[in-house]
file coords.cif (mmCIF, C-alpha atoms)
data_run
#
loop_
_atom_site.label_atom_id
_atom_site.label_comp_id
_atom_site.auth_asym_id
_atom_site.auth_seq_id
_atom_site.Cartn_x
_atom_site.Cartn_y
_atom_site.Cartn_z
CA MET A 5 87.89 71.60 106.07
CA THR A 6 89.55 74.94 106.76
CA LEU A 7 86.07 76.42 107.15
CA VAL A 8 85.09 73.89 109.81
CA PHE A 9 88.38 74.47 111.60
CA GLY A 10 87.92 78.25 111.45
CA VAL A 11 84.36 78.09 112.79
CA PHE A 12 85.51 75.79 115.60
CA LEU A 13 88.35 78.15 116.59
CA LEU A 14 86.16 81.23 116.45
CA THR A 15 83.57 79.54 118.64
CA LEU A 16 86.30 78.61 121.12
CA LEU A 17 87.36 82.26 121.11
CA VAL A 18 83.90 83.33 122.26
CA ILE A 19 83.79 80.63 124.95
CA VAL A 20 87.20 81.67 126.30
CA ALA A 21 86.17 85.35 126.30
CA VAL A 22 83.04 84.55 128.33
CA ALA A 23 85.14 82.49 130.76
CA ILE A 24 87.59 85.40 131.17
CA VAL A 25 84.83 87.84 132.08
CA ARG A 26 83.03 85.40 134.40
CA SER A 27 86.07 84.26 136.37
CA THR A 28 86.65 86.12 139.65
CA ASN A 29 90.12 84.67 140.00
CA LEU A 30 92.29 87.14 138.11
CA PHE A 31 95.15 84.68 137.78
CA ALA A 32 92.82 82.35 135.87
CA ALA A 33 91.53 85.29 133.82
CA VAL A 34 95.08 86.26 132.78
CA MET A 35 95.95 82.68 131.85
CA LEU A 36 92.74 82.42 129.82
CA SER A 37 93.58 85.67 128.04
CA GLY A 38 96.88 84.07 127.03
CA ILE A 39 94.86 81.22 125.49
CA PHE A 40 92.58 83.83 123.90
CA SER A 41 95.58 85.45 122.19
CA LEU A 42 96.93 82.14 120.98
CA LEU A 43 93.54 81.18 119.49
CA MET A 44 93.39 84.61 117.91
CA ALA A 45 96.83 84.02 116.37
CA VAL A 46 95.69 80.73 114.82
CA ASN A 47 92.62 82.49 113.41
CA PHE A 48 94.83 85.18 111.89
CA PHE A 49 96.94 82.48 110.32
CA LEU A 50 93.88 80.82 108.78
CA LEU A 51 92.91 84.23 107.36
CA ASP A 52 96.27 84.48 105.50
CA ALA A 53 97.78 86.99 107.90
CA ALA A 54 101.02 85.18 108.77
CA ASP A 55 102.86 88.31 109.93
CA VAL A 56 100.02 89.32 112.22
CA ALA A 57 99.72 85.80 113.63
CA LEU A 58 103.41 85.82 114.52
CA THR A 59 103.06 89.18 116.27
CA GLU A 60 99.92 88.18 118.17
CA ALA A 61 101.49 84.93 119.38
CA ALA A 62 104.65 86.66 120.61
CA VAL A 63 103.02 89.78 122.04
CA GLY A 64 99.56 88.64 123.14
CA ALA A 65 100.29 85.16 124.43
CA GLY A 66 103.85 85.84 125.57
CA VAL A 67 104.63 89.35 126.72
CA ALA A 68 101.10 90.49 127.65
CA THR A 69 100.56 87.49 129.93
CA VAL A 70 103.83 88.16 131.77
CA LEU A 71 103.00 91.86 132.17
CA PHE A 72 99.52 91.12 133.54
CA LEU A 73 100.99 88.57 135.94
CA SER A 74 103.61 91.03 137.19
CA ALA A 75 100.85 93.59 137.71
CA LEU A 76 98.80 90.97 139.63
CA ALA A 77 101.79 90.32 141.90
CA LEU A 78 101.65 94.02 142.80
CA THR A 79 97.87 94.26 143.21
CA ALA A 80 95.52 91.43 144.17
CA GLU A 81 94.91 88.00 142.76
CA HIS A 82 91.17 87.93 143.34
CA GLU A 83 88.40 90.22 142.34
CA GLN A 84 86.55 91.41 145.42
CA VAL A 85 83.19 89.65 145.54
CA ARG A 86 80.39 92.04 146.39
CA PRO A 87 77.82 91.16 149.05
CA GLY A 88 74.66 90.07 147.30
CA GLY A 89 76.58 88.55 144.41
CA ALA A 90 76.10 91.35 141.85
CA ALA A 91 77.09 88.79 139.24
CA LEU A 92 75.42 90.59 136.34
CA GLN A 93 74.78 94.27 136.02
CA TRP A 94 71.74 94.94 133.94
CA LEU A 95 72.39 98.38 132.48
CA PRO A 96 75.84 97.55 131.05
CA LEU A 97 74.45 94.24 129.82
CA VAL A 98 71.65 95.98 127.93
CA VAL A 99 74.08 98.53 126.46
CA ALA A 100 76.51 95.79 125.42
CA PHE A 101 73.79 93.65 123.86
CA ALA A 102 72.31 96.65 122.04
CA THR A 103 75.75 97.45 120.57
CA GLY A 104 76.40 93.83 119.66
CA GLY A 105 72.91 93.49 118.14
CA LEU A 106 73.39 96.59 116.00
CA LEU A 107 76.78 95.35 114.81
CA ILE A 108 75.36 91.94 113.88
CA TYR A 109 72.50 93.67 112.07
CA ALA A 110 75.08 95.73 110.17
CA THR A 111 77.07 92.64 109.14
CA PHE A 112 74.22 91.48 106.88
CA GLN A 113 75.22 94.25 104.48
CA ASN A 114 78.89 93.26 104.58
CA PRO A 115 80.47 91.50 101.63
CA VAL A 116 81.00 87.82 102.49
CA ILE A 117 84.40 86.74 103.80
CA GLY A 118 86.83 86.16 100.92
CA ASP A 119 84.83 88.08 98.31
CA PRO A 120 87.48 89.39 95.86
CA ASN A 121 85.11 92.20 94.77
CA ALA A 122 84.72 93.64 98.27
CA PRO A 123 85.39 97.40 98.41
CA VAL A 124 88.39 96.88 100.69
CA HIS A 125 90.23 95.06 97.87
CA GLN A 126 89.52 97.75 95.25
CA HIS A 127 91.32 100.81 96.55
CA VAL A 128 95.11 101.04 97.10
CA ALA A 129 95.78 97.39 97.97
CA PRO A 130 96.01 96.15 94.33
CA TRP A 131 98.42 98.99 93.61
CA TYR A 132 100.71 97.82 96.43
CA LEU A 133 100.57 94.22 95.18
CA GLU A 134 101.30 95.27 91.58
CA ASN A 135 104.12 97.69 92.28
CA THR A 136 106.02 95.97 95.08
CA PRO A 137 108.06 93.70 92.74
CA GLU A 138 109.18 96.64 90.64
CA LEU A 139 109.63 99.43 93.19
CA ILE A 140 110.79 97.58 96.30
CA ASP A 141 111.74 94.18 94.87
CA ILE A 142 111.07 92.09 97.98
CA PRO A 143 108.64 89.17 98.22
CA ASN A 144 106.87 90.11 101.47
CA VAL A 145 104.35 92.82 100.56
CA VAL A 146 103.42 93.36 104.21
CA THR A 147 106.99 94.41 105.00
CA ALA A 148 107.11 96.57 101.87
CA VAL A 149 103.94 98.44 102.83
CA LEU A 150 104.94 98.65 106.49
CA GLY A 151 108.48 99.87 105.96
CA SER A 152 108.43 101.77 102.71
CA PHE A 153 105.03 102.74 101.26
CA ARG A 154 103.69 103.60 104.70
CA GLY A 155 106.97 104.14 106.50
CA PHE A 156 105.77 107.40 107.95
CA ASP A 157 102.87 105.65 109.77
CA THR A 158 105.27 103.05 111.12
CA LEU A 159 107.61 105.76 112.38
CA GLY A 160 104.63 107.17 114.27
CA GLU A 161 103.83 103.75 115.76
CA VAL A 162 107.43 103.32 116.89
CA PHE A 163 107.25 106.66 118.65
CA VAL A 164 103.97 105.64 120.33
CA VAL A 165 105.74 102.53 121.68
CA PHE A 166 108.71 104.70 122.70
CA THR A 167 106.40 107.17 124.49
CA ALA A 168 104.55 104.38 126.30
CA GLY A 169 107.89 103.01 127.53
CA ILE A 170 108.86 106.46 128.82
CA GLY A 171 105.42 106.73 130.43
CA VAL A 172 105.75 103.44 132.32
CA LEU A 173 109.25 104.42 133.43
CA SER A 174 108.08 107.75 134.76
CA ILE A 175 105.17 106.14 136.65
CA LEU A 176 106.90 103.05 138.04
CA GLY A 177 110.61 103.26 137.33
CA LEU A 178 111.68 106.12 139.58
CA ARG A 179 114.87 105.21 141.34
CA HIS A 180 113.67 105.59 144.95
CA THR A 181 110.58 103.42 144.40
CA LEU A 182 112.57 100.45 143.12
CA VAL A 183 113.87 97.69 145.36
CA GLU A 184 117.38 96.39 145.16
CA MET A 185 116.95 92.82 146.30
CA THR A 186 120.01 90.69 146.80
CA SER A 187 120.14 87.23 145.31
CA ALA A 188 119.49 85.71 148.74
CA GLU A 189 116.35 87.81 149.19
CA ILE A 190 115.04 86.84 145.80
CA ASP A 191 115.57 83.22 146.79
CA ALA A 192 113.88 83.68 150.15
CA ARG A 193 110.83 85.38 148.64
CA GLN A 194 110.66 82.84 145.83
CA ARG A 195 110.60 85.50 143.18
CA SER A 196 112.20 83.24 140.59
CA LEU A 197 112.16 79.62 139.49
CA ARG A 198 115.74 78.99 140.60
CA HIS A 199 114.73 76.12 142.86
CA HIS A 200 112.58 74.39 140.29
CA LEU A 201 114.93 72.14 138.41
CA ILE A 202 112.76 71.03 135.48
CA PRO A 203 111.49 74.44 134.27
CA ARG A 204 115.00 75.79 134.73
CA VAL A 205 116.76 73.13 132.69
CA VAL A 206 114.13 73.07 129.95
CA GLY A 207 113.67 76.85 129.88
CA ARG A 208 117.36 77.71 129.83
CA GLY A 209 117.88 75.37 126.92
CA MET A 210 115.21 77.22 124.96
CA VAL A 211 116.44 80.78 125.49
CA PRO A 212 119.29 80.72 122.89
CA PHE A 213 117.02 79.15 120.29
CA ILE A 214 114.31 81.75 120.86
CA LEU A 215 116.94 84.47 120.44
CA LEU A 216 118.22 82.82 117.27
CA PHE A 217 114.66 82.67 115.94
CA ALA A 218 114.24 86.37 116.79
CA LEU A 219 117.32 87.20 114.73
CA TYR A 220 116.00 85.09 111.84
CA VAL A 221 112.62 86.84 111.99
CA GLN A 222 114.39 90.21 112.15
CA PHE A 223 116.69 89.81 109.17
CA HIS A 224 114.52 87.54 107.05
CA GLY A 225 111.43 89.77 107.35
CA GLU A 226 111.68 90.89 103.71
CA TYR A 227 111.41 87.33 102.42
CA SER A 228 109.16 85.53 104.91
CA PRO A 229 106.71 86.53 107.63
CA GLY A 230 108.53 88.68 110.12
CA GLY A 231 110.14 92.03 110.72
CA GLY A 232 111.16 94.35 113.49
CA PHE A 233 107.94 94.32 115.51
CA GLN A 234 107.79 90.53 115.70
CA ALA A 235 111.52 90.08 116.26
CA GLY A 236 111.56 92.71 119.01
CA ALA A 237 108.72 90.97 120.83
CA ILE A 238 110.31 87.51 120.44
CA ALA A 239 113.73 88.70 121.63
CA ALA A 240 112.11 90.43 124.62
CA ALA A 241 110.18 87.23 125.37
CA ALA A 242 113.46 85.24 125.42
CA ILE A 243 115.11 87.61 127.92
CA ILE A 244 111.91 87.76 130.02
CA LEU A 245 111.87 83.95 130.11
CA TYR A 246 115.47 84.01 131.34
CA SER A 247 114.56 86.59 134.01
CA LEU A 248 111.61 84.51 135.19
CA LEU A 249 113.77 81.40 135.47
CA GLU A 250 116.87 82.95 137.02
CA GLY A 251 115.46 85.93 138.87
CA ASP A 252 115.13 89.53 137.82
CA ASP A 253 118.62 90.48 139.07
CA ARG A 254 120.37 88.03 136.75
CA GLY A 255 118.13 89.13 133.90
CA ARG A 256 119.31 92.67 134.49
CA ALA A 257 122.91 91.50 134.67
CA LEU A 258 122.47 89.88 131.25
CA VAL A 259 120.97 92.96 129.59
CA PRO A 260 121.80 95.93 131.86
CA GLU A 261 119.37 98.79 132.26
CA TRP A 262 121.66 101.43 130.82
CA LEU A 263 121.81 99.33 127.65
CA LEU A 264 118.02 99.07 127.56
CA GLN A 265 117.67 102.83 127.87
CA ILE A 266 120.09 103.33 125.00
CA MET A 267 118.17 100.71 122.96
CA VAL A 268 114.81 102.40 123.56
CA ALA A 269 116.10 105.73 122.28
CA SER A 270 118.53 104.59 119.59
CA GLY A 271 116.05 102.38 117.70
CA ALA A 272 113.61 105.25 117.23
CA LEU A 273 116.53 107.54 116.42
CA LEU A 274 117.85 105.10 113.78
CA PHE A 275 114.42 105.00 112.10
CA GLY A 276 114.10 108.79 112.08
CA GLY A 277 117.76 109.17 111.14
CA VAL A 278 117.36 107.04 108.01
CA GLY A 279 114.53 109.35 107.01
CA VAL A 280 116.68 112.43 107.51
CA VAL A 281 119.59 110.88 105.57
CA CYS A 282 117.18 110.28 102.68
CA MET A 283 116.34 113.98 102.78
CA LEU A 284 120.02 114.98 102.86
CA LEU A 285 120.67 112.79 99.80
CA GLY A 286 118.03 114.69 97.90
CA GLY A 287 114.98 112.46 98.28
CA SER A 288 111.83 112.82 100.34
CA PHE A 289 111.66 111.88 104.03
CA LEU A 290 111.88 108.05 104.27
CA ASP A 291 112.30 107.68 100.49
CA TYR A 292 114.95 104.95 100.59
CA SER A 293 115.50 104.84 96.82
CA VAL A 294 118.20 107.50 97.06
CA LEU A 295 120.31 105.46 99.51
CA ALA A 296 122.03 103.43 96.73
CA GLU A 297 122.79 103.67 93.03
CA VAL A 298 119.98 101.28 92.13
CA PRO A 299 116.65 102.44 93.66
CA SER A 300 115.54 98.93 94.67
CA GLU A 301 118.86 98.31 96.45
CA GLY A 302 118.38 101.56 98.30
CA GLN A 303 114.95 100.27 99.34
CA HIS A 304 116.54 97.03 100.62
CA LEU A 305 119.12 98.95 102.66
CA GLY A 306 116.50 101.35 104.02
CA LEU A 307 114.13 98.55 105.01
CA LEU A 308 116.93 96.62 106.73
CA LEU A 309 117.92 99.68 108.78
CA ILE A 310 114.44 100.79 109.78
CA GLU A 311 113.37 97.24 110.68
CA LEU A 312 116.48 97.06 112.84
CA GLY A 313 115.45 100.32 114.49
CA VAL A 314 111.93 99.00 115.10
CA GLY A 315 113.26 95.74 116.56
CA ILE A 316 115.68 97.50 118.90
CA THR A 317 113.07 99.93 120.22
CA VAL A 318 110.32 97.32 120.64
CA SER A 319 112.52 94.84 122.51
CA GLY A 320 114.02 97.67 124.59
CA VAL A 321 110.62 99.06 125.59
CA LEU A 322 109.11 95.65 126.41
CA LEU A 323 112.11 94.70 128.58
CA THR A 324 112.17 98.10 130.30
CA VAL A 325 108.48 97.78 131.10
CA PHE A 326 108.97 94.25 132.41
CA HIS A 327 111.83 95.30 134.71
CA ALA A 328 109.87 98.32 135.92
CA PHE A 329 107.10 95.97 137.11
CA ALA A 330 109.38 93.22 138.36
CA ARG A 331 111.60 95.49 140.48
CA ARG A 332 108.76 97.03 142.38
CA ALA A 333 108.07 95.56 145.80
CA SER A 334 104.52 94.46 146.49
CA ARG A 335 103.18 96.12 149.57
CA MET B 9 77.98 77.32 103.27
CA GLU B 10 76.41 80.70 102.51
CA PHE B 11 75.14 80.82 106.08
CA LEU B 12 78.65 80.82 107.55
CA ALA B 13 80.05 83.42 105.16
CA LEU B 14 79.58 86.15 107.75
CA TYR B 15 80.52 84.07 110.79
CA ASN B 16 83.76 86.00 111.43
CA TYR B 17 81.83 89.24 111.63
CA TRP B 18 79.36 87.76 114.10
CA VAL B 19 82.18 86.54 116.30
CA PHE B 20 83.65 90.04 116.07
CA ALA B 21 80.35 91.54 117.27
CA VAL B 22 80.01 89.04 120.13
CA LEU B 23 83.61 89.55 121.29
CA LEU B 24 83.12 93.31 121.13
CA LEU B 25 79.97 92.91 123.23
CA ILE B 26 81.81 90.80 125.83
CA GLY B 27 84.74 93.24 125.96
CA LEU B 28 82.43 96.25 126.23
CA TYR B 29 80.48 94.59 129.06
CA ALA B 30 83.72 93.87 130.95
CA VAL B 31 84.97 97.44 130.51
CA VAL B 32 81.70 99.02 131.65
CA ALA B 33 80.44 96.60 134.30
CA LYS B 34 83.57 95.37 136.07
CA VAL B 35 84.86 97.47 138.97
CA ASN B 36 88.22 95.71 139.30
CA LEU B 37 90.67 97.80 137.29
CA VAL B 38 92.86 94.87 136.19
CA LYS B 39 89.75 93.06 134.96
CA ARG B 40 88.77 96.16 133.04
CA LEU B 41 92.10 96.19 131.25
CA ILE B 42 91.65 92.51 130.37
CA GLY B 43 88.20 93.42 129.03
CA LEU B 44 89.80 96.19 127.01
CA SER B 45 92.21 93.72 125.45
CA ILE B 46 89.28 91.45 124.48
CA PHE B 47 87.65 94.51 122.89
CA GLN B 48 90.91 95.24 121.09
CA GLY B 49 91.15 91.62 119.92
CA ALA B 50 87.65 91.89 118.45
CA VAL B 51 88.68 94.90 116.36
CA PHE B 52 91.81 93.07 115.18
CA LEU B 53 89.62 90.15 114.10
CA LEU B 54 87.34 92.49 112.12
CA TYR B 55 90.24 93.95 110.16
CA ILE B 56 91.96 90.64 109.50
CA SER B 57 88.66 89.02 108.43
CA MET B 58 88.32 91.71 105.77
CA ASP B 59 91.73 90.97 104.26
CA LYS B 60 90.89 87.42 103.15
CA VAL B 61 90.54 86.81 99.41
CA GLU B 62 88.99 83.50 98.36
CA GLY B 63 91.69 81.18 97.02
CA GLY B 64 94.40 83.63 97.98
CA THR B 65 97.41 83.12 100.19
CA ALA B 66 99.54 85.25 102.51
CA PRO B 67 100.89 88.27 100.57
CA ILE B 68 104.41 86.92 100.09
CA PHE B 69 105.42 86.44 96.46
CA GLN B 70 106.50 82.97 95.42
CA THR B 71 107.89 84.04 92.04
CA ALA B 72 109.89 87.08 90.96
CA ASP B 73 107.10 88.66 88.90
CA GLY B 74 104.60 88.42 91.77
CA ALA B 75 102.02 86.27 89.98
CA GLY B 76 99.22 84.66 91.96
CA VAL B 77 96.22 85.50 94.13
CA PHE B 78 97.08 87.19 97.43
CA SER B 79 95.12 88.43 100.38
CA ASN B 80 95.06 92.13 101.09
CA PRO B 81 98.29 93.27 102.81
CA LEU B 82 96.97 96.62 104.00
CA PRO B 83 94.75 95.54 106.96
CA GLN B 84 97.58 93.26 108.04
CA VAL B 85 100.03 96.16 108.23
CA LEU B 86 97.56 98.23 110.26
CA ILE B 87 96.89 95.44 112.76
CA LEU B 88 100.52 94.32 112.98
CA THR B 89 101.56 97.69 114.36
CA ALA B 90 98.33 98.06 116.36
CA ILE B 91 99.10 94.88 118.32
CA VAL B 92 102.48 96.18 119.46
CA VAL B 93 101.10 99.64 120.22
CA GLY B 94 98.25 97.90 122.09
CA ILE B 95 100.62 96.07 124.45
CA ALA B 96 102.56 99.29 125.06
CA THR B 97 99.41 101.19 126.03
CA THR B 98 98.16 98.25 128.13
CA ALA B 99 101.47 98.34 130.02
CA LEU B 100 100.94 102.04 130.65
CA GLY B 101 97.43 101.30 131.97
CA LEU B 102 98.77 98.57 134.25
CA ALA B 103 101.42 100.96 135.57
CA VAL B 104 98.70 103.45 136.51
CA VAL B 105 96.71 100.62 138.19
CA VAL B 106 99.78 99.61 140.22
CA ARG B 107 100.23 103.22 141.37
CA ILE B 108 96.53 103.41 142.33
CA ARG B 109 96.91 100.24 144.37
CA GLU B 110 99.90 101.74 146.20
CA GLU B 111 98.02 104.92 147.07
CA TYR B 112 94.62 103.44 147.90
CA GLY B 113 95.44 99.86 148.86
CA THR B 114 92.82 98.49 146.47
CA VAL B 115 92.04 98.28 142.75
CA GLU B 116 88.26 98.08 143.16
CA GLU B 117 86.86 101.24 141.66
CA ASP B 118 83.77 101.57 143.91
CA VAL B 119 85.95 101.33 147.04
CA ILE B 120 88.27 104.00 145.63
CA GLU B 121 85.32 106.28 144.91
CA ASP B 122 84.02 105.83 148.47
CA MET B 123 87.46 106.71 149.83
CA ASP B 124 87.58 109.82 147.64
CA ALA B 125 84.10 110.85 148.78
CA ASP B 126 85.04 110.42 152.46
CA SER B 127 88.21 112.46 152.30
#
call {"tool": "encode", "arguments": {"input": "coords.cif", "output": "structure tokens"}}
result
Amino acid sequence: MTLVFGVFLLTLLVIVAVAIVRSTNLFAAVMLSGIFSLLMAVNFFLLDAADVALTEAAVGAGVATVLFLSALALTAEHEQVRPGGAALQWLPLVVAFATGGLLIYATFQNPVIGDPNAPVHQHVAPWYLENTPELIDIPNVVTAVLGSFRGFDTLGEVFVVFTAGIGVLSILGLRHTLVEMTSAEIDARQRSLRHHLIPRVVGRGMVPFILLFALYVQFHGEYSPGGGFQAGAIAAAAIILYSLLEGDDRGRALVPEWLLQIMVASGALLFGGVGVVCMLLGGSFLDYSVLAEVPSEGQHLGLLLIELGVGITVSGVLLTVFHAFARRASR
Amino acid sequence: MEFLALYNYWVFAVLLLIGLYAVVAKVNLVKRLIGLSIFQGAVFLLYISMDKVEGGTAPIFQTADGAGVFSNPLPQVLILTAIVVGIATTALGLAVVVRIREEYGTVEEDVIEDMDADS
């Protein structure tokens, strides 16, 4: 039954992808890519990747759609249609099909899906599964690998997110290029949903629950699917929803920009700082065992702190990026 | 169901093909970024498909000693962070596209190239 469901969802994924590429209306394409992400999330869930499914649903279907829409508001809603149609370009099509054909040919040598003897399951993964109960003592192995065994990689990822946030700010967020619209102007230009009663009432009721869920995902990440990356994206999605409903100015009044800037920097700093503290206490960089008397308790404390750092930076960057797009006037 | 045992990988290849076509063939820069995210999604699917173990479940222990069959946590960790990094880099790309639109008044690459050639 799961197999039939999986095949159905994967086929839908391909259909949606074709529809995205074929549509000349970019608004439709962005909406379809939201559906694409949601389908992808369900597929991840069927493949036992609950943490990844949560991330994909929050980031791909939620935040990415909003960012693409804000970019569309600043560019154009339709693809320019060329004279003579130019619907399909042959050279790229041949290149793409050649690549796809080669990849499909290569799959015939792959181990089948779910094969426990596949090479990918033979290397370090069994070691992580065996040693997590003893060394880290938390149920969610994904969080253990993410935060502790491979904490250094995750620190790098956090700094990539941090850098991308700085990059967007330096391209779009310069003070003189931003518009300070008054509430009346936002109303006049219909840049919010303030006048639409039903989305407003329903949406506003959901915001506190989404935030509560974000906090649950943040602090329960060691025991159930979740962690800083997911929680940061969900919290950002809640504030973005509020900004869409009430207007960007009230969103910025709720979480001011100076706070966001502090969040972006302090989350990454907290993560790195925990690593340095571990060194000062005599351990290796990001070796949390030295943080408490009992090594596994030190691991718990370390994971809690670095996940908090990840969550703060991710939500800060996503909100900063959203405001940078939303505050720019379309010319 | 031996025939369908590789279906995930085929879908990966087809999605990669579609994404690659969109990135190479489309001249609208926003559309290209959407194509890039399809391409990205295909790679995510490849990694997550590899993590599945038959009869396994999500790698979250139900008992204290960690008994049971679990899927591979490692590809999940890689993709989990890659998704968030992916949205951050997409946002950076969109920011560049918005700046291009402000300078050139269009996001169609062939028009931009013509304008560059004329000036």
call {"tool": "atom_distance", "arguments": {"input": "coords.cif", "atom1": "CA of Val325 in chain A", "atom2": "CA of Leu197 in chain A"}}
result
20.3 Å
call {"tool": "interface_residues", "arguments": {"input": "coords.cif", "of": "chain A", "to": "chain B", "cutoff": "6 Å", "atoms": "all atoms listed in the file", "output": "ChimeraX atom specification"}}
result
/A:51-53,56,96,100,104,107-108,116-120,143-146,150,165,168,172
call {"tool": "residues_near_point", "arguments": {"input": "coords.cif", "point": "(112.3, 98.0, 119.0)", "cutoff": "7 Å", "atoms": "only C-alpha atoms", "output": "list of chain:residue names"}}
result
A:Gly232, A:Phe233, A:Gly236, A:Val268, A:Gly271, A:Gly313, A:Val314, A:Gly315, A:Ile316, A:Thr317, A:Val318, A:Ser319, A:Gly320, A:Val321
call {"tool": "atom_distance", "arguments": {"input": "coords.cif", "atom1": "CA of Val25 in chain A", "atom2": "CA of Gly38 in chain A"}}
result
13.6 Å
call {"tool": "residues_near_point", "arguments": {"input": "coords.cif", "point": "(116.8, 112.0, 108.0)", "cutoff": "12 Å", "atoms": "only C-alpha atoms", "output": "PDB file with C-alpha atoms, in the frame of the given file"}}
result
ATOM      1  CA  PHE A 156     105.770 107.400 107.950  1.00  0.00           C
ATOM      2  CA  LEU A 159     107.610 105.760 112.380  1.00  0.00           C
ATOM      3  CA  ALA A 272     113.610 105.250 117.230  1.00  0.00           C
ATOM      4  CA  LEU A 273     116.530 107.540 116.420  1.00  0.00           C
ATOM      5  CA  LEU A 274     117.850 105.100 113.780  1.00  0.00           C
ATOM      6  CA  PHE A 275     114.420 105.000 112.100  1.00  0.00           C
ATOM      7  CA  GLY A 276     114.100 108.790 112.080  1.00  0.00           C
ATOM      8  CA  GLY A 277     117.760 109.170 111.140  1.00  0.00           C
ATOM      9  CA  VAL A 278     117.360 107.040 108.010  1.00  0.00           C
ATOM     10  CA  GLY A 279     114.530 109.350 107.010  1.00  0.00           C
ATOM     11  CA  VAL A 280     116.680 112.430 107.510  1.00  0.00           C
ATOM     12  CA  VAL A 281     119.590 110.880 105.570  1.00  0.00           C
ATOM     13  CA  CYS A 282     117.180 110.280 102.680  1.00  0.00           C
ATOM     14  CA  MET A 283     116.340 113.980 102.780  1.00  0.00           C
ATOM     15  CA  LEU A 284     120.020 114.980 102.860  1.00  0.00           C
ATOM     16  CA  LEU A 285     120.670 112.790  99.800  1.00  0.00           C
ATOM     17  CA  GLY A 286     118.030 114.690  97.900  1.00  0.00           C
ATOM     18  CA  GLY A 287     114.980 112.460  98.280  1.00  0.00           C
ATOM     19  CA  SER A 288     111.830 112.820 100.340  1.00  0.00           C
ATOM     20  CA  PHE A 289     111.660 111.880 104.030  1.00  0.00           C
ATOM     21  CA  LEU A 290     111.880 108.050 104.270  1.00  0.00           C
ATOM     22  CA  ASP A 291     112.300 107.680 100.490  1.00  0.00           C
ATOM     23  CA  TYR A 292     114.950 104.950 100.590  1.00  0.00           C
ATOM     24  CA  VAL A 294     118.200 107.500  97.060  1.00  0.00           C
ATOM     25  CA  LEU A 295     120.310 105.460  99.510  1.00  0.00           C
ATOM     26  CA  GLY A 306     116.500 101.350 104.020  1.00  0.00           C
ATOM     27  CA  ILE A 310     114.440 100.790 109.780  1.00  0.00           C
TER      28      ILE A 310
END
call {"tool": "atom_distance", "arguments": {"input": "coords.cif", "atom1": "CA of Glu117 in chain B", "atom2": "CA of Gln93 in chain A"}}
result
15.0 Å
call {"tool": "closest_residue", "arguments": {"input": "coords.cif", "among": "A:Phe163, A:Leu139, A:Ala62, A:Ala33", "to": "Glu301 in chain A", "atoms": "only C-alpha atoms"}}
result
A:Leu139
call {"tool": "resolve_selection", "arguments": {"input": "coords.cif", "expression": "the PyMOL selection byres ((chain A and resi 265) around 10)", "output": "list in words"}}
result
Gly169, Ile170, Pro260, Glu261, Trp262, Leu263, Leu264, Ile266, Met267, Val268, Ala269, Ser270, Thr317, Gly320, Val321, Leu323 and Thr324 of chain A
call {"tool": "write_last_selection", "arguments": {"input": "coords.cif", "atoms": "C-alpha atoms", "output": "CSV table (one decimal), in the coordinates of the input"}}
result
chain,number,residue,atom,x,y,z
A,169,GLY,CA,107.9,103.0,127.5
A,170,ILE,CA,108.9,106.5,128.8
A,260,PRO,CA,121.8,95.9,131.9
A,261,GLU,CA,119.4,98.8,132.3
A,262,TRP,CA,121.7,101.4,130.8
A,263,LEU,CA,121.8,99.3,127.6
A,264,LEU,CA,118.0,99.1,127.6
A,266,ILE,CA,120.1,103.3,125.0
A,267,MET,CA,118.2,100.7,123.0
A,268,VAL,CA,114.8,102.4,123.6
A,269,ALA,CA,116.1,105.7,122.3
A,270,SER,CA,118.5,104.6,119.6
A,317,THR,CA,113.1,99.9,120.2
A,320,GLY,CA,114.0,97.7,124.6
A,321,VAL,CA,110.6,99.1,125.6
A,323,LEU,CA,112.1,94.7,128.6
A,324,THR,CA,112.2,98.1,130.3
call {"tool": "closest_residue", "arguments": {"input": "coords.cif", "among": "A:Leu76, A:Ala235, A:Ala102, A:Leu249", "to": "Phe31 in chain A", "atoms": "all atoms listed in the file"}}
result
A:Leu76
call {"tool": "resolve_selection", "arguments": {"input": "coords.cif", "expression": "the PyMOL selection byres ((chain A and resi 226) around 10)", "output": "count of residues only"}}
result
24
call {"tool": "resolve_selection", "arguments": {"input": "coords.cif", "expression": "the PyMOL selection byres ((chain A and resi 9) around 12)", "output": "number ranges by chain"}}
result
A: 5-8, 10-16, 43, 46-47, 49-51
call {"tool": "write_last_selection", "arguments": {"input": "coords.cif", "atoms": "C-alpha atoms", "output": "mmCIF file, in the frame of the given file"}}
result
data_model
loop_
_atom_site.group_PDB
_atom_site.id
_atom_site.type_symbol
_atom_site.label_atom_id
_atom_site.label_comp_id
_atom_site.auth_asym_id
_atom_site.auth_seq_id
_atom_site.Cartn_x
_atom_site.Cartn_y
_atom_site.Cartn_z
ATOM 1 C CA MET A 5 87.890 71.600 106.070
ATOM 2 C CA THR A 6 89.550 74.940 106.760
ATOM 3 C CA LEU A 7 86.070 76.420 107.150
ATOM 4 C CA VAL A 8 85.090 73.890 109.810
ATOM 5 C CA GLY A 10 87.920 78.250 111.450
ATOM 6 C CA VAL A 11 84.360 78.090 112.790
ATOM 7 C CA PHE A 12 85.510 75.790 115.600
ATOM 8 C CA LEU A 13 88.350 78.150 116.590
ATOM 9 C CA LEU A 14 86.160 81.230 116.450
ATOM 10 C CA THR A 15 83.570 79.540 118.640
ATOM 11 C CA LEU A 16 86.300 78.610 121.120
ATOM 12 C CA LEU A 43 93.540 81.180 119.490
ATOM 13 C CA VAL A 46 95.690 80.730 114.820
ATOM 14 C CA ASN A 47 92.620 82.490 113.410
ATOM 15 C CA PHE A 49 96.940 82.480 110.320
ATOM 16 C CA LEU A 50 93.880 80.820 108.780
ATOM 17 C CA LEU A 51 92.910 84.230 107.360
#
